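Participant: Structure in structure tokens, see below.
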Amino acid sequence: MPNQDRRTFLKQTLTTGTMGVAWAGGFLVPDALLAAWPKEVFSAKDVPTVLKNLYGTEVVADSAAIQIKAPEIAENGAVVPISIETSLDNVTQIAIFAAVNPLPLAADFRLTDSMLPSISTRIKMNKTGEVVAVVKAGGTLYSASKQIKVTIGGCGG
Amino acid sequence: MATGNTIRIKAKAKSDTVEVKSLISHPMETGLRKDSSTNELIPAHFIQELTAELNGKIVMTAYWGIAISKNPYVSFEIKGGKKGDTVRLTWTDNKGESDSLAVKVH
């Protein structure tokens with residue numbers, strides 16, 4: 001996993017103390033440390049663009065093997081509890097989208113084989129719309145969606 | 001250095017997994033909101049990466065965007081963990097700030 005390599009690199013660099021030197025020298029900016037965060041994916045403004053940037057394809061098969069647990073009506077769009085669970089095997093990635101948000105990708109969880117494919121979190125939704133879960137299992141993409149009615153949007157001021 | 005002050009973790013051993021529930025104190029500011037008094041945009045300030053480790057080995061890396069709620073909540077289950085194991089969570093935000101906390105599984 002590339003990210004793990006990066007961690008190992010960071011840890012080794014920190015241990016040998018060269019990171020401190022690099023910081024002092026001023027040639028490492030914070031952005032360099034966050035290089036793994038996929039900026040182009042999180043700044044994409046619609047779901048097809050996110051899918052294309054994240055997976056290289058917009059084609060994702062619907063799957064009944066993915067369960068999205070979320071309230072049908074969210075009174076407060078700032079805090080919408082979402083749980084994603086699947087019976088699919090060899091899950092390596094679970095992504096959560098709020099399709100109607102200005103930036104639809106909420107989270108991209110990368111799972112090792114030490115993880116159960118079950119994630120809960122809370123997201124913001126700016127208005128009524130679909131929450132989409134995309135699961136990568138055995139290298140194949142699957143998705144499920146659920147409509148959530150939002151009474152008060154959670155993205156504006 | 002990481003104080004762990006922003007992170008709360010409950011790690012509980014179940015039959016053959018460890019259930020982790022966590023709350024993190026963070027504004028998760030989107031960068032799209034306006035300050036009502038000055039009418040200026042409030043700069044984005046949000047967690048971009050969260051890693052979970054079991055006994056020093058990374059089991060999950062989560063990349064987050066601005067749509068994760070303020071004071072994020074996350075829960076998940078790690079296979080093969082047991083009582084006495086160590087679970088660590090580490091977050092890093094878009095300003096390069098970070099925090100990390102390790103707890104024992106009970």
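Identifiers for the structure tokens are assigned positionally: chains receive A, B, ... in sequence, residues are indexed from 1 per chain, and ligands are indexed from 1 in the order shown.
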Please return, as a PyMOL selection string, all residues of chain A lying within 9 Å of chain B when only C-alpha atoms are considered.
Facilitator: chain A and resi 3-4+30-31+33-34+36-38+42-43+78-81+83+97-98+101+103-125+154-157
Participant: From range 45-100 of chain B, collect each residue whose DSSP state is strand (DSSP E) and return the set as JSON, numbers by chain.
Facilitator: {"B": [47, 48, 49, 50, 51, 52, 53, 54, 57, 58, 59, 60, 61, 62, 63, 64, 73, 74, 75, 76, 77, 78, 79, 86, 87, 88, 89, 90, 91, 92, 93, 98, 99, 100]}
